[in-house]
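Dropping upload-v8.txt in here (compact mmCIF, C-alpha atoms and all ligand atoms):
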# COMPACT_ATOMS: atom_id res chain seq x y z
CA MET A 1 -230.10 -176.92 163.49
CA ARG A 2 -226.34 -177.45 163.63
CA VAL A 3 -224.60 -176.62 166.89
CA LEU A 4 -220.83 -176.47 167.32
CA VAL A 5 -219.67 -177.06 170.91
CA LEU A 6 -216.29 -175.82 172.12
CA GLY A 7 -215.01 -178.80 174.09
CA ALA A 8 -215.48 -182.49 173.32
CA GLY A 9 -215.94 -184.10 176.73
CA GLN A 10 -218.88 -185.75 178.45
CA LEU A 11 -220.96 -182.56 178.54
CA ALA A 12 -220.82 -182.19 174.74
CA ARG A 13 -221.59 -185.91 174.49
CA MET A 14 -224.70 -185.61 176.67
CA MET A 15 -225.81 -182.48 174.79
CA SER A 16 -225.51 -184.45 171.57
CA LEU A 17 -227.68 -187.26 172.99
CA ALA A 18 -230.29 -184.75 174.14
CA GLY A 19 -230.29 -182.85 170.84
CA ALA A 20 -230.93 -185.81 168.53
CA PRO A 21 -234.71 -186.14 169.18
CA LEU A 22 -235.13 -182.44 168.35
CA ASN A 23 -233.14 -182.79 165.12
CA ILE A 24 -230.36 -180.70 166.60
CA GLU A 25 -227.07 -182.03 165.27
CA LEU A 26 -223.86 -181.44 167.20
CA THR A 27 -220.20 -181.31 166.30
CA ALA A 28 -217.53 -180.68 168.92
CA TYR A 29 -214.21 -178.84 168.82
CA ASP A 30 -211.56 -180.56 170.92
CA VAL A 31 -209.71 -177.47 172.11
CA SER A 32 -206.61 -179.24 173.46
CA GLN A 33 -206.05 -181.16 170.21
CA SER A 34 -207.34 -178.47 167.82
CA LYS A 35 -209.64 -180.81 165.95
CA VAL A 36 -213.32 -181.08 165.12
CA VAL A 37 -214.83 -184.39 166.25
CA HIS A 38 -218.14 -186.16 166.58
CA PRO A 39 -219.11 -185.69 170.25
CA LEU A 40 -220.31 -189.29 170.69
CA THR A 41 -217.68 -191.28 168.83
CA GLN A 42 -214.76 -188.82 169.04
CA VAL A 43 -214.11 -189.64 165.36
CA GLU A 44 -212.34 -186.71 163.71
CA ILE A 45 -214.28 -184.69 161.18
CA LYS A 46 -211.81 -183.39 158.59
CA GLN A 47 -212.55 -179.73 158.98
CA ASP A 48 -210.77 -176.75 160.50
CA LEU A 49 -212.27 -174.51 163.16
CA ALA A 50 -213.04 -171.71 160.68
CA SER A 51 -215.16 -173.94 158.45
CA ALA A 52 -216.86 -175.56 161.47
CA ILE A 53 -217.80 -172.05 162.61
CA ALA A 54 -219.05 -171.17 159.12
CA GLN A 55 -221.23 -174.31 158.93
CA ALA A 56 -222.76 -173.97 162.40
CA ASP A 57 -226.05 -172.21 163.07
CA VAL A 58 -225.10 -171.77 166.73
CA ILE A 59 -221.84 -172.07 168.70
CA THR A 60 -221.72 -172.87 172.40
CA ALA A 61 -219.25 -174.21 174.98
CA GLU A 62 -219.05 -177.09 177.46
CA PHE A 63 -216.19 -175.66 179.56
CA GLU A 64 -214.69 -172.32 180.41
CA HIS A 65 -210.93 -172.83 180.13
CA ILE A 66 -210.73 -171.87 176.46
CA PRO A 67 -208.01 -169.63 174.96
CA HIS A 68 -209.34 -166.11 174.47
CA ASP A 69 -208.38 -165.99 170.77
CA ILE A 70 -210.76 -168.91 170.09
CA LEU A 71 -213.52 -167.26 172.15
CA ASP A 72 -213.01 -163.98 170.27
CA LEU A 73 -213.15 -165.75 166.90
CA CYS A 74 -216.45 -167.39 167.87
CA GLN A 75 -217.83 -164.12 169.24
CA ARG A 76 -217.08 -162.34 165.94
CA SER A 77 -219.19 -164.91 164.06
CA GLY A 78 -222.27 -163.54 165.86
CA LYS A 79 -223.40 -167.13 166.62
CA PHE A 80 -221.83 -167.67 170.04
CA LEU A 81 -224.15 -168.26 173.03
CA PRO A 82 -223.63 -167.55 175.84
CA SER A 83 -221.19 -164.78 174.99
CA SER A 84 -217.38 -164.92 175.17
CA GLN A 85 -217.77 -162.50 178.10
CA ALA A 86 -219.76 -165.11 180.07
CA ILE A 87 -217.26 -167.87 179.33
CA LYS A 88 -214.35 -165.60 180.30
CA ALA A 89 -216.07 -164.80 183.61
CA GLY A 90 -216.39 -168.51 184.37
CA GLY A 91 -212.75 -169.13 183.51
CA ASP A 92 -211.08 -166.35 185.48
CA ARG A 93 -211.87 -165.97 189.19
CA ARG A 94 -210.93 -162.25 189.09
CA ILE A 95 -213.55 -161.51 186.41
CA GLU A 96 -216.04 -163.81 188.16
CA LYS A 97 -215.68 -162.04 191.52
CA ALA A 98 -215.99 -158.59 189.88
CA LEU A 99 -219.13 -159.77 188.07
CA LEU A 100 -220.72 -161.05 191.30
CA ASP A 101 -219.92 -157.76 193.04
CA SER A 102 -221.34 -155.66 190.23
CA ALA A 103 -224.51 -157.80 190.08
CA GLY A 104 -224.91 -157.24 193.84
CA VAL A 105 -224.68 -160.96 194.60
CA ARG A 106 -223.25 -162.06 197.98
CA ASN A 107 -219.96 -163.93 197.76
CA ALA A 108 -217.00 -164.67 200.04
CA ASN A 109 -214.80 -161.69 200.93
CA TYR A 110 -211.65 -161.79 198.75
CA ALA A 111 -208.46 -160.17 197.52
CA VAL A 112 -206.35 -160.64 194.37
CA ILE A 113 -202.69 -161.62 194.84
CA ASN A 114 -199.90 -161.01 192.32
CA THR A 115 -196.94 -160.44 194.69
CA TYR A 116 -195.77 -161.38 198.18
CA GLU A 117 -196.83 -157.90 199.37
CA ASP A 118 -200.33 -158.53 197.98
CA PHE A 119 -200.36 -161.83 199.91
CA LEU A 120 -199.59 -160.10 203.21
CA ALA A 121 -202.20 -157.42 202.45
CA ALA A 122 -204.75 -160.17 201.63
CA ILE A 123 -204.12 -161.87 204.99
CA GLU A 124 -204.79 -158.51 206.65
CA HIS A 125 -207.92 -157.82 204.60
CA VAL A 126 -209.49 -161.31 204.36
CA GLY A 127 -208.22 -162.84 207.62
CA LEU A 128 -207.29 -166.44 208.49
CA PRO A 129 -208.17 -169.18 207.81
CA MET A 130 -208.35 -168.54 204.08
CA VAL A 131 -208.69 -170.46 200.84
CA LEU A 132 -206.36 -169.52 197.99
CA LYS A 133 -207.33 -170.34 194.42
CA SER A 134 -205.52 -169.88 191.11
CA ALA A 135 -207.34 -167.24 189.04
CA LEU A 136 -207.07 -169.31 185.85
CA GLY A 137 -207.38 -173.02 185.13
CA GLY A 138 -208.82 -174.33 188.42
CA TYR A 139 -211.30 -177.20 188.42
CA ASP A 140 -212.29 -180.07 190.73
CA GLY A 141 -210.49 -178.35 193.61
CA LYS A 142 -207.16 -178.26 191.72
CA GLY A 143 -204.95 -175.16 192.05
CA GLN A 144 -206.04 -174.44 195.63
CA TRP A 145 -204.33 -173.97 198.98
CA ARG A 146 -205.61 -173.61 202.52
CA LEU A 147 -203.85 -171.24 204.92
CA LYS A 148 -204.89 -171.86 208.52
CA ASP A 149 -202.27 -169.98 210.50
CA ALA A 150 -199.36 -167.58 210.00
CA ASN A 151 -196.72 -170.36 210.39
CA ASN A 152 -197.34 -171.59 206.88
CA ILE A 153 -197.26 -168.28 205.03
CA ASP A 154 -193.84 -168.82 203.46
CA ALA A 155 -194.42 -172.46 202.51
CA VAL A 156 -197.73 -171.60 200.83
CA TRP A 157 -196.17 -168.58 199.13
CA GLN A 158 -193.43 -170.77 197.56
CA GLU A 159 -196.08 -172.87 195.84
CA MET A 160 -198.28 -169.93 194.87
CA ALA A 161 -195.32 -167.99 193.43
CA GLN A 162 -194.54 -170.99 191.21
CA CYS A 163 -198.14 -171.11 190.07
CA ILE A 164 -198.20 -167.35 189.30
CA ALA A 165 -194.96 -167.65 187.30
CA SER A 166 -196.13 -170.76 185.43
CA SER A 167 -198.33 -168.95 182.93
CA ASP A 168 -199.12 -165.55 181.53
CA ASN A 169 -201.74 -163.53 183.35
CA GLN A 170 -201.97 -166.03 186.26
CA ALA A 171 -202.77 -164.72 189.76
CA ILE A 172 -204.25 -166.02 193.01
CA VAL A 173 -207.59 -165.11 194.54
CA ALA A 174 -207.62 -165.27 198.35
CA GLU A 175 -211.02 -165.96 199.91
CA GLU A 176 -212.20 -166.03 203.48
CA PHE A 177 -212.83 -169.58 204.66
CA VAL A 178 -216.62 -169.93 204.74
CA PRO A 179 -217.94 -172.11 207.61
CA PHE A 180 -220.80 -173.51 205.56
CA SER A 181 -223.24 -176.15 206.77
CA ARG A 182 -223.70 -177.55 203.27
CA GLU A 183 -223.16 -176.80 199.60
CA VAL A 184 -226.00 -176.38 197.13
CA SER A 185 -226.22 -175.35 193.50
CA LEU A 186 -228.82 -173.93 191.19
CA VAL A 187 -228.91 -174.88 187.52
CA GLY A 188 -231.23 -172.94 185.26
CA ALA A 189 -231.73 -171.72 181.73
CA ARG A 190 -232.34 -168.28 180.24
CA GLY A 191 -233.86 -168.09 176.78
CA LYS A 192 -233.21 -165.58 173.99
CA ASP A 193 -236.44 -163.81 174.98
CA GLY A 194 -235.17 -163.35 178.56
CA SER A 195 -237.42 -166.07 180.01
CA ILE A 196 -235.88 -167.97 182.92
CA ALA A 197 -236.55 -171.54 184.09
CA VAL A 198 -234.58 -172.91 187.04
CA TYR A 199 -234.43 -176.44 188.40
CA PRO A 200 -234.90 -177.29 192.08
CA LEU A 201 -231.72 -176.73 194.10
CA ALA A 202 -229.30 -179.63 194.37
CA GLU A 203 -227.46 -180.44 197.58
CA ASN A 204 -223.90 -181.41 196.79
CA VAL A 205 -221.34 -183.55 198.60
CA HIS A 206 -217.67 -183.18 197.61
CA THR A 207 -214.97 -185.75 198.34
CA ASP A 208 -211.39 -184.41 198.17
CA GLY A 209 -212.61 -181.31 196.29
CA VAL A 210 -214.54 -183.31 193.66
CA LEU A 211 -218.34 -183.57 193.45
CA SER A 212 -219.41 -187.03 194.54
CA LEU A 213 -223.18 -186.84 195.25
CA SER A 214 -225.88 -184.44 194.13
CA THR A 215 -229.51 -184.63 195.25
CA ALA A 216 -232.44 -182.46 194.18
CA ILE A 217 -233.99 -180.86 197.26
CA ALA A 218 -237.17 -178.93 198.09
CA ASP A 219 -236.43 -175.86 200.23
CA PRO A 220 -238.71 -172.97 199.18
CA ALA A 221 -236.90 -170.22 201.17
CA LEU A 222 -233.46 -171.21 199.91
CA GLN A 223 -234.80 -171.73 196.39
CA GLU A 224 -236.16 -168.18 196.39
CA GLN A 225 -232.80 -166.71 197.47
CA ALA A 226 -230.92 -168.77 194.91
CA GLN A 227 -233.31 -167.82 192.14
CA GLN A 228 -232.90 -164.11 192.84
CA MET A 229 -229.12 -164.42 192.62
CA PHE A 230 -229.41 -166.52 189.47
CA THR A 231 -231.59 -163.88 187.85
CA ALA A 232 -229.20 -161.07 188.83
CA VAL A 233 -226.18 -162.86 187.33
CA ALA A 234 -228.00 -164.06 184.21
CA GLN A 235 -229.46 -160.64 183.49
CA SER A 236 -226.20 -158.81 184.04
CA LEU A 237 -224.56 -161.04 181.39
CA ASP A 238 -227.64 -160.99 179.10
CA TYR A 239 -227.08 -164.72 179.33
CA VAL A 240 -228.55 -167.29 176.94
CA GLY A 241 -228.25 -171.00 177.78
CA VAL A 242 -227.86 -173.07 180.93
CA LEU A 243 -225.97 -171.43 183.79
CA ALA A 244 -225.05 -172.96 187.16
CA LEU A 245 -224.42 -171.17 190.45
CA GLU A 246 -222.64 -172.98 193.28
CA PHE A 247 -223.48 -171.77 196.79
CA PHE A 248 -222.37 -172.11 200.37
CA ASP A 249 -225.32 -172.42 202.74
CA VAL A 250 -224.40 -170.63 205.95
CA ASP A 251 -227.29 -171.18 208.35
CA GLY A 252 -229.90 -170.52 205.70
CA ASN A 253 -228.05 -167.63 204.01
CA LEU A 254 -226.58 -168.32 200.60
CA LEU A 255 -223.20 -167.04 199.39
CA VAL A 256 -222.17 -167.70 195.79
CA ASN A 257 -219.00 -169.81 195.60
CA GLU A 258 -218.64 -169.77 191.84
CA ILE A 259 -220.53 -169.73 188.58
CA ALA A 260 -220.32 -172.14 185.65
CA PRO A 261 -221.48 -170.69 182.30
CA ARG A 262 -222.57 -174.10 181.00
CA VAL A 263 -224.37 -177.32 181.84
CA HIS A 264 -223.04 -178.60 185.16
CA ASN A 265 -222.22 -181.86 186.92
CA SER A 266 -224.69 -181.01 189.69
CA GLY A 267 -227.45 -180.91 187.03
CA HIS A 268 -226.95 -184.45 185.72
CA TRP A 269 -229.79 -185.64 188.00
CA THR A 270 -232.21 -183.80 185.65
CA GLN A 271 -231.76 -186.57 183.04
CA GLN A 272 -234.09 -188.79 185.10
CA GLY A 273 -235.46 -186.41 187.71
CA ALA A 274 -236.81 -183.45 185.72
CA GLU A 275 -239.38 -183.03 182.98
CA THR A 276 -236.68 -181.64 180.63
CA CYS A 277 -232.99 -182.33 181.27
CA GLN A 278 -230.38 -179.57 181.49
CA PHE A 279 -228.73 -180.65 178.21
CA GLU A 280 -231.95 -180.32 176.22
CA ASN A 281 -232.77 -177.00 177.87
CA HIS A 282 -229.33 -175.61 177.04
CA LEU A 283 -229.84 -176.53 173.38
CA ARG A 284 -233.39 -175.15 173.37
CA ALA A 285 -232.11 -171.85 174.79
CA VAL A 286 -229.19 -171.35 172.40
CA CYS A 287 -231.31 -172.44 169.40
CA GLY A 288 -233.99 -169.88 170.28
CA LEU A 289 -236.63 -172.52 171.09
CA PRO A 290 -239.05 -172.33 174.04
CA LEU A 291 -237.55 -173.64 177.30
CA GLY A 292 -238.86 -176.95 178.60
CA SER A 293 -240.38 -177.49 182.04
CA THR A 294 -237.78 -177.79 184.81
CA LYS A 295 -240.26 -179.47 187.14
CA LEU A 296 -239.05 -182.31 189.35
CA VAL A 297 -240.79 -185.49 188.25
CA ARG A 298 -239.15 -187.91 190.71
CA GLU A 299 -236.77 -187.73 193.64
CA THR A 300 -233.25 -188.23 192.28
CA THR A 301 -229.66 -188.47 193.46
CA MET A 302 -226.64 -188.47 191.15
CA ILE A 303 -223.50 -190.37 192.10
CA ASN A 304 -220.28 -189.63 190.22
CA ILE A 305 -218.21 -192.60 189.04
CA LEU A 306 -214.60 -191.51 189.59
CA GLY A 307 -211.65 -193.52 188.22
CA GLU A 308 -213.67 -196.74 187.70
CA ASP A 309 -214.69 -198.29 184.38
CA THR A 310 -216.79 -201.24 185.51
CA LEU A 311 -219.78 -201.66 187.81
CA PRO A 312 -221.56 -204.82 188.95
CA PRO A 313 -224.12 -205.69 186.21
CA THR A 314 -226.62 -206.35 189.03
CA LEU A 315 -227.06 -202.57 189.26
CA LEU A 316 -229.01 -202.66 186.02
CA ALA A 317 -231.59 -204.90 187.71
CA MET A 318 -232.20 -202.39 190.52
CA ASP A 319 -235.39 -200.35 190.26
CA GLY A 320 -234.72 -196.66 189.70
CA CYS A 321 -231.01 -197.11 188.92
CA HIS A 322 -229.65 -195.55 185.70
CA ILE A 323 -226.02 -195.81 184.59
CA HIS A 324 -224.41 -193.25 182.27
CA TRP A 325 -220.91 -193.98 180.99
CA TYR A 326 -218.90 -191.31 179.16
CA GLY A 327 -216.83 -193.70 177.02
CA LYS A 328 -213.56 -192.38 178.45
CA GLU A 329 -210.30 -194.19 179.09
CA LYS A 330 -209.80 -195.12 182.74
CA ARG A 331 -207.57 -192.81 184.79
CA ALA A 332 -207.31 -192.41 188.57
CA GLY A 333 -209.90 -189.92 189.85
CA ARG A 334 -211.25 -189.17 186.36
CA LYS A 335 -214.99 -188.55 185.90
CA MET A 336 -215.90 -191.74 184.02
CA GLY A 337 -219.68 -191.65 184.31
CA HIS A 338 -222.50 -191.23 186.79
CA ILE A 339 -225.42 -193.14 188.26
CA ASN A 340 -228.83 -191.55 188.72
CA VAL A 341 -230.96 -193.19 191.38
CA CYS A 342 -234.67 -192.33 191.50
CA GLY A 343 -237.57 -192.98 193.84
CA ASP A 344 -241.22 -191.98 193.81
CA TYR A 345 -240.82 -190.39 197.24
CA SER A 346 -237.75 -189.56 199.32
CA GLY A 347 -238.00 -192.61 201.62
CA GLU A 348 -237.92 -194.85 198.57
CA LEU A 349 -234.92 -193.00 197.13
CA GLN A 350 -233.07 -193.30 200.44
CA ARG A 351 -233.73 -197.03 200.67
CA ARG A 352 -232.56 -197.50 197.09
CA LEU A 353 -229.37 -195.54 197.83
CA CYS A 354 -228.66 -197.81 200.80
CA ALA A 355 -229.24 -200.90 198.64
CA LEU A 356 -226.94 -199.45 195.98
CA ALA A 357 -224.21 -198.73 198.55
CA GLU A 358 -224.12 -202.46 199.32
CA GLN A 359 -223.26 -203.15 195.68
CA LEU A 360 -220.54 -200.51 195.35
CA ASP A 361 -216.93 -200.65 196.49
CA GLN A 362 -216.42 -198.57 199.64
CA GLN A 363 -213.06 -197.11 198.55
CA ALA A 364 -214.31 -196.07 195.11
CA PHE A 365 -217.65 -194.68 196.37
CA PRO A 366 -217.03 -193.33 199.89
CA ALA A 367 -219.78 -190.69 199.77
CA ILE A 368 -222.66 -193.10 199.19
CA HIS A 369 -221.26 -195.39 201.89
CA ASN A 370 -221.19 -192.44 204.30
CA PHE A 371 -224.75 -191.64 203.36
CA ALA A 372 -225.87 -195.25 203.95
CA ALA A 373 -224.01 -195.47 207.28
CA GLY A 374 -225.70 -192.24 208.48
CA PHE A 375 -229.10 -193.34 207.24
CA ASN A 376 -228.89 -196.80 208.83
CA LYS A 377 -227.74 -195.31 212.13
CA PHE A 378 -230.60 -192.83 212.06
CA SER A 379 -233.24 -195.44 211.28
CA LEU A 380 -232.08 -197.92 213.97
P1 LIG B 1 -215.29 -177.39 190.63
O1 LIG B 1 -214.86 -176.93 189.29
O2 LIG B 1 -215.27 -178.87 190.80
O3 LIG B 1 -216.58 -176.79 191.09
P2 LIG B 1 -213.22 -175.70 191.62
O4 LIG B 1 -211.87 -176.23 191.43
O5 LIG B 1 -213.74 -174.70 190.69
O6 LIG B 1 -214.20 -176.90 191.70
P3 LIG B 1 -214.30 -174.46 194.02
O7 LIG B 1 -215.69 -174.86 193.71
O8 LIG B 1 -214.02 -173.02 194.13
O9 LIG B 1 -213.22 -175.12 193.06
O10 LIG B 1 -213.84 -175.18 195.39
C1 LIG B 1 -213.89 -176.60 195.55
C2 LIG B 1 -214.46 -176.91 196.92
O11 LIG B 1 -213.60 -176.38 197.95
C3 LIG B 1 -215.82 -176.27 197.19
O12 LIG B 1 -216.86 -177.05 196.64
C4 LIG B 1 -215.82 -176.23 198.71
O13 LIG B 1 -216.09 -177.50 199.25
C5 LIG B 1 -214.37 -175.87 199.04
N1 LIG B 1 -214.20 -174.40 199.13
C6 LIG B 1 -213.95 -173.55 198.11
N2 LIG B 1 -213.89 -172.27 198.53
C7 LIG B 1 -214.11 -172.28 199.85
C8 LIG B 1 -214.18 -171.26 200.86
N3 LIG B 1 -213.98 -169.97 200.58
N4 LIG B 1 -214.45 -171.65 202.14
C9 LIG B 1 -214.64 -172.96 202.44
N5 LIG B 1 -214.57 -173.97 201.52
C10 LIG B 1 -214.31 -173.65 200.25
MG MG B 2 -216.83 -175.58 192.43
I'd like the structure from this file rewritten - as structure tokens, please.
Ligand code: ATP
Ligand code: MG
Amino acid sequence: MRVLVLGAGQLARMMSLAGAPLNIELTAYDVSQSKVVHPLTQVEIKQDLASAIAQADVITAEFEHIPHDILDLCQRSGKFLPSSQAIKAGGDRRIEKALLDSAGVRNANYAVINTYEDFLAAIEHVGLPMVLKSALGGYDGKGQWRLKDANNIDAVWQEMAQCIASSDNQAIVAEEFVPFSREVSLVGARGKDGSIAVYPLAENVHTDGVLSLSTAIADPALQEQAQQMFTAVAQSLDYVGVLALEFFDVDGNLLVNEIAPRVHNSGHWTQQGAETCQFENHLRAVCGLPLGSTKLVRETTMINILGEDTLPPTLLAMDGCHIHWYGKEKRAGRKMGHINVCGDYSGELQRRLCALAEQLDQQAFPAIHNFAAGFNKFSL
């Protein structure tokens, strides 16, 4: 099978690694540079998009911010999974919110803002404090504002107005501020035959709007809620592939924050922690193969490596510690790789995380240091 992936970042790279043992061969289309590349080496393959589409058996995507003309071209080939509709929903918060509403899935109260009058109406309708997010192009907490009180309305509006004017079809989605106790996400796959297999929920820690830690958790009541919402969204899109739902947990009640129509950073733990990883299951789904088991095989936490390109080699000698680099050039804050830490039971995982924290720089890895400080305090 030949799969063309729209996007040539780390997600396409990890899909390529997972596809090789199944004889699934990947090429990637670097959307920003308009070239077809090998997803592991980034070496250009002298081919235009039209011939890459013609040669592929299946086309899929690793991110949602893709120009609609490219999505439409792929959709017309009849090979694109999930659909252009699903990718568009992930890339535009207006479409995403409308989809959640129509699927009957709980999400934060919201309003769409195009003008200053809309902004005032949104404050009335949604209330303060609120979170304001650009409809298009947001990721890793970028393109967001917080409005706590009425004093800052004009200052925030200045910035939002610039954002709205900066590109065609841009708008702002205002959301009520959700007082969540934690954030969790559900990654799962839906096959061509409609079968669904979801992984255990992951509990996620964000640092400055970017995911820093993700740990698979066992919470049957929450899992059941999340799975129902996953099924509602996946069925309403007639979705095929891996889909991720991010949730706010408000005292045991889940609210969807957003959806990602692709493999997701909070599912990287599945590479060591699940019977079949999310990358393989995405390929199985889009290639029409049976889904693999999503069962947890060992307790696992994923730690993102942000803006760093070296780690102490001693990490490789630590039991249960697995390093994944993405082969990217170093840039401040950039997702450069991740570490999966495993244990046979949760106490072992926690001890290994504390031992790992001692090896990692506190400034570069604040979340695992916070975890270790809390754990050590608790166990004293
Ligand atoms: P990513 O692509 O990394 O998931 P994003 O840029 O798409 O991020 P969101 O997931 O919408 O943005 O928001 C980033 C973070 O901001 C959330 O994980 C959460 O911590 C916080 N946040 C977002 N919306 C709200 C809200 N309505 N109330 C409270 N906190 C929020
Ligand atoms: Mg998010």
I'd like to know which of A:Val58, A:Val250, A:Ala50, A:Leu22 is closest to ligand LIG 1 (chain B), using all atoms listed in the file.
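Closest candidate: A:Val250.
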Taking only C-alpha atoms and all ligand atoms into account, report as number ranges by chain which residues have an atom no farther than 8 Å from an atom of ligand MG 2 (chain B).
A: 139-141, 246, 257-259
With C-alpha atoms retained, write the just-selected residues as a PDB file, in the frame of the given file.
ATOM      1  CA  TYR A 139    -211.300-177.200 188.420  1.00  0.00           C
ATOM      2  CA  ASP A 140    -212.290-180.070 190.730  1.00  0.00           C
ATOM      3  CA  GLY A 141    -210.490-178.350 193.610  1.00  0.00           C
ATOM      4  CA  GLU A 246    -222.640-172.980 193.280  1.00  0.00           C
ATOM      5  CA  ASN A 257    -219.000-169.810 195.600  1.00  0.00           C
ATOM      6  CA  GLU A 258    -218.640-169.770 191.840  1.00  0.00           C
ATOM      7  CA  ILE A 259    -220.530-169.730 188.580  1.00  0.00           C
TER       8      ILE A 259
END
Check every protein, DNA and RNA residue against ligand LIG 1 (chain B), keep those with an atom at most 7 Å away (counting all atoms listed in the file), and present them as a list in words.
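Taking all atoms listed in the file into account, the residues around ligand LIG 1 (chain B) at most 7 Å away are Ala108, Met130, Val131, Gly138, Tyr139, Asp140, Gly141, Lys142, Glu175, Glu176, Phe177, Val178, Pro179, Phe180, Glu183, His206, Gly209, Val210, Leu211, Asn257 and Glu258 of chain A.
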With 12 Å as the threshold, what does the neighbourhood of (-206.1, -167.5, 190.8) contain in terms of residues, counting all atoms listed in the file? Coordinates are those of the file; answer as a ChimeraX atom specification.
/A:91-97,110-114,131-139,142-145,160-161,163-175
With C-alpha atoms retained, could you export that selection as a CSV table (one decimal), in the frame of the given file?
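The file below, out.csv, is the result:
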chain,number,residue,atom,x,y,z
A,91,GLY,CA,-212.8,-169.1,183.5
A,92,ASP,CA,-211.1,-166.4,185.5
A,93,ARG,CA,-211.9,-166.0,189.2
A,94,ARG,CA,-210.9,-162.2,189.1
A,95,ILE,CA,-213.6,-161.5,186.4
A,96,GLU,CA,-216.0,-163.8,188.2
A,97,LYS,CA,-215.7,-162.0,191.5
A,110,TYR,CA,-211.6,-161.8,198.8
A,111,ALA,CA,-208.5,-160.2,197.5
A,112,VAL,CA,-206.4,-160.6,194.4
A,113,ILE,CA,-202.7,-161.6,194.8
A,114,ASN,CA,-199.9,-161.0,192.3
A,131,VAL,CA,-208.7,-170.5,200.8
A,132,LEU,CA,-206.4,-169.5,198.0
A,133,LYS,CA,-207.3,-170.3,194.4
A,134,SER,CA,-205.5,-169.9,191.1
A,135,ALA,CA,-207.3,-167.2,189.0
A,136,LEU,CA,-207.1,-169.3,185.8
A,137,GLY,CA,-207.4,-173.0,185.1
A,138,GLY,CA,-208.8,-174.3,188.4
A,139,TYR,CA,-211.3,-177.2,188.4
A,142,LYS,CA,-207.2,-178.3,191.7
A,143,GLY,CA,-205.0,-175.2,192.0
A,144,GLN,CA,-206.0,-174.4,195.6
A,145,TRP,CA,-204.3,-174.0,199.0
A,160,MET,CA,-198.3,-169.9,194.9
A,161,ALA,CA,-195.3,-168.0,193.4
A,163,CYS,CA,-198.1,-171.1,190.1
A,164,ILE,CA,-198.2,-167.4,189.3
A,165,ALA,CA,-195.0,-167.6,187.3
A,166,SER,CA,-196.1,-170.8,185.4
A,167,SER,CA,-198.3,-169.0,182.9
A,168,ASP,CA,-199.1,-165.6,181.5
A,169,ASN,CA,-201.7,-163.5,183.4
A,170,GLN,CA,-202.0,-166.0,186.3
A,171,ALA,CA,-202.8,-164.7,189.8
A,172,ILE,CA,-204.2,-166.0,193.0
A,173,VAL,CA,-207.6,-165.1,194.5
A,174,ALA,CA,-207.6,-165.3,198.4
A,175,GLU,CA,-211.0,-166.0,199.9
Ranking A:Leu26, A:Leu128, A:Ala18, A:Asp118 by minimum distance to Asn151 (chain A) and counting all atoms listed in the file, which one comes first?
A:Leu128
Figure out the distance between CA of Gly252 (chain A) and CA of Ala216 (chain A), please, to one decimal in Å.
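So the two atoms, CA of Ala216 (chain A) and CA of Gly252 (chain A), lie 16.8 Å apart.
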